[in-house]
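Student: Before I ask anything, here is the structure I am working with.
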Amino acid sequence: MFERYHVPIKSMPGRTPPVPKFVIVRADNCINCGKCERSCIYGVHKRSEQDPRKMADPINNLCKNCFRCIGDCPQRALTMSVGPEFKSLGRSIWTSQRVFTIWSEAETGKIPVFGAGYRGMFAGPGYDGMWTDMSEIVRPTRDGIHGREYISTSVDIGRKPSLLEFKKDGSLQTKMPPIIEQPIPMVMDVTRLRSRTDSMILGFAHAAKNLDTMMFASVDSLPKDTESELNSRFVPVYPEGTVAKSLAVPDGVRMIELYHTPTWRDDLRALRYKHPRLIVSFRLKSDGDIEKKVLELVRGKADVAHILYNEDGLEEEGNEPRHSKESLRAIHRLMASKSLRDEITVIAGGGIAAAEHVPKTIICGADVVALERALPIALECRNCVTCSLSSCPANLGDAPTDWVEGRVTNMVGVWRDQLLEVLGAMGLREVRRLRGELGRAIFFEDVEREAFAGVPGGAVDG
């Protein structure tokens, strides 16, 4: 029976004092007229409870940067600046704004709105130099999350045959490989998180169950008493050197992951014999030859290639590492040129720092996106250079399971809502059609090359 996919959202306030993005200072020339209180719809300005004749200090974490209070103040007594603690958040592509946005998404389960609008940058490294085609946004029926037309975000994980053969009696002759269909193109990978606790991993697993997606974690991560409840959503990742012939698969698990080693073909053959209905994924470190490695996996009948990029979205190895944007395009083009693209599922992980990175990764050629660093960020992680649970400013070591579950569920639900908006604005009815649709995107380097190709030296420098 048809049932529309729904993410259970509920408010999950933070456990640490909020970090204000903006700081409003009230000068001494304030006459306590209260006009700022009447102007602000967010509750930043209030009368003092001790002395109602005076205005209390602004509640900075509620400010949405709309400037209305500043514009309405008759004394020009209010000034606004970016908060110093906010500016210290994040690093590299995990900017202060992205960390702050994920916190808001995880707390409210709603797409955040920032008062002064988007002010750039309109180009930058990685996915910041890629724009999606939103030409269908003017059509009144393309309303994404609002429900007038159904848009599917379901994806298939596994190997699909290139053709179907039937017997003379009409029955299917082709042996169908195992496939997992899940309602969102996002999975969780906790294996590369720098700090994690048993409570956090259990919270991630419950969030995966709520979202009906998969969680990748080391084989002994989940408590034994949760196996019957969570194993269908659990993908155990076995360490390098695991002997496939003696590998014990937990009950109820539908998919496992091994590291890509020189013996991968023998490992796959042994697992196919012992567990014929098990989906086998191989984890690959990305480098300049990643497309050739994926091609070998396809020809060897592997089900899934899980490609690992670093936290900035760059290849992990090589003298001149490419961004996943270029690397995934190279993989997709090679597979498509040999008519083999549907015979393997490509999962890309690393450098997924915003909701918009999910559709952009899929456009570049991935089937599924693995969320990694975004998971602890949803738990108020500051992404510190020296990560330690004992000195964590967000106290992640004490984070309860139900709180972790709620925050992650909220964030992924919001990212799916934004994916729906992108698909609706593109006029697409399902996310499967988005994979490899390079014609639905504009790449800054291509535009720059075209713009300056006629200038002497422009084609080279651009």
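Chain labels follow the order of the structure tokens: the first chain is A, the next B, and so on; residue numbering restarts at 1 in every chain, and ligands are counted from 1 in their shown order.
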Excluding Pro183 (chain A) and residues on its chain fewer than 4 positions from it, collect all residues at most 12 Å away from it, counting only C-alpha atoms, and give them as a PyMOL selection string.
Tutor: chain A and resi 3-7+151-157+187+208-214+368+413+416+430-432
Student: I'd like the neighbourhood of Trp94 (chain A) as a list of chain:residue names, where a residue qualifies if any of its atoms comes within 12 Å (using only C-alpha atoms), though same-chain residues fewer than 6 positions away should be ignored.
Tutor: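 In the requested format, the answer is A:Lys87, A:Ser88, A:Phe100, A:Thr101, A:Ile102, A:Glu311, A:Asp312, A:Gly313, A:Gly350, A:Gly351, A:Ile352, A:Ala353, A:Ala354, A:Arg373, A:Ala374, A:Ile377, A:Cys381, A:Arg382, A:Asn383, A:Cys384, A:Val385.
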Student: Go ahead and write the selection's residues with C-alpha atoms as a PDB file, in the first residue's frame.
Tutor:
ATOM      1  CA  LYS A  87      33.575  34.148  13.559  1.00  0.00           C
ATOM      2  CA  SER A  88      35.754  31.621  15.373  1.00  0.00           C
ATOM      3  CA  PHE A 100      25.637  27.910  12.213  1.00  0.00           C
ATOM      4  CA  THR A 101      23.147  26.822   9.508  1.00  0.00           C
ATOM      5  CA  ILE A 102      23.455  23.144  10.419  1.00  0.00           C
ATOM      6  CA  GLU A 311      36.830  16.800   4.827  1.00  0.00           C
ATOM      7  CA  ASP A 312      37.387  19.479   2.170  1.00  0.00           C
ATOM      8  CA  GLY A 313      36.018  17.241  -0.603  1.00  0.00           C
ATOM      9  CA  GLY A 350      33.656  13.646   2.399  1.00  0.00           C
ATOM     10  CA  GLY A 351      33.292  17.393   1.983  1.00  0.00           C
ATOM     11  CA  ILE A 352      29.469  17.404   2.212  1.00  0.00           C
ATOM     12  CA  ALA A 353      29.059  20.580   4.259  1.00  0.00           C
ATOM     13  CA  ALA A 354      25.659  21.951   3.218  1.00  0.00           C
ATOM     14  CA  ARG A 373      31.374  15.516   9.442  1.00  0.00           C
ATOM     15  CA  ALA A 374      27.889  17.057   9.196  1.00  0.00           C
ATOM     16  CA  ILE A 377      28.203  19.407  13.545  1.00  0.00           C
ATOM     17  CA  CYS A 381      30.319  20.439  17.367  1.00  0.00           C
ATOM     18  CA  ARG A 382      32.648  23.423  16.705  1.00  0.00           C
ATOM     19  CA  ASN A 383      34.909  21.370  14.379  1.00  0.00           C
ATOM     20  CA  CYS A 384      37.926  22.187  16.516  1.00  0.00           C
ATOM     21  CA  VAL A 385      41.420  21.532  15.161  1.00  0.00           C
TER      22      VAL A 385
END
Student: Expressed in Å to a single decimal, how great is the separation between CA of Ala394 (chain A) and CA of His357 (chain A)?
Tutor: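 Going from CA of Ala394 (chain A) over to CA of His357 (chain A), I get 25.3 Å.
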Student: When DSSP works through the backbone of this structure, what residues of region 200-348 of chain A end up as helix (DSSP H, G or I), shown as JSON, numbers by chain?
Tutor: {"A": [200, 201, 202, 203, 204, 205, 206, 207, 208, 209, 210, 211, 224, 225, 226, 227, 228, 229, 230, 231, 232, 233, 244, 245, 246, 264, 265, 266, 267, 268, 269, 270, 271, 272, 273, 274, 290, 291, 292, 293, 294, 295, 296, 297, 298, 299, 324, 325, 326, 327, 328, 329, 330, 331, 332, 333, 334, 335, 336, 337, 341, 342, 343]}
Student: So that I can check the surroundings of Val249 (chain A), please list as a ChimeraX atom specification every protein, DNA and RNA residue that reaches within 9 Å of it, counting only C-alpha atoms and ignoring chain neighbours fewer than 4 positions away.
Tutor: /A:219,236,253,256,275
Student: Got time to write the residues from that selection, C-alpha atoms, as a PDB file, in the first residue's frame?
Tutor:
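Once written, again.pdb looks like this:
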ATOM      1  CA  VAL A 219      31.228  -4.163  12.880  1.00  0.00           C
ATOM      2  CA  PRO A 236      29.111  -3.143   9.186  1.00  0.00           C
ATOM      3  CA  VAL A 253      22.212  -7.178   7.969  1.00  0.00           C
ATOM      4  CA  ILE A 256      28.402  -5.040   4.336  1.00  0.00           C
ATOM      5  CA  HIS A 275      25.825 -14.969   1.336  1.00  0.00           C
TER       6      HIS A 275
END
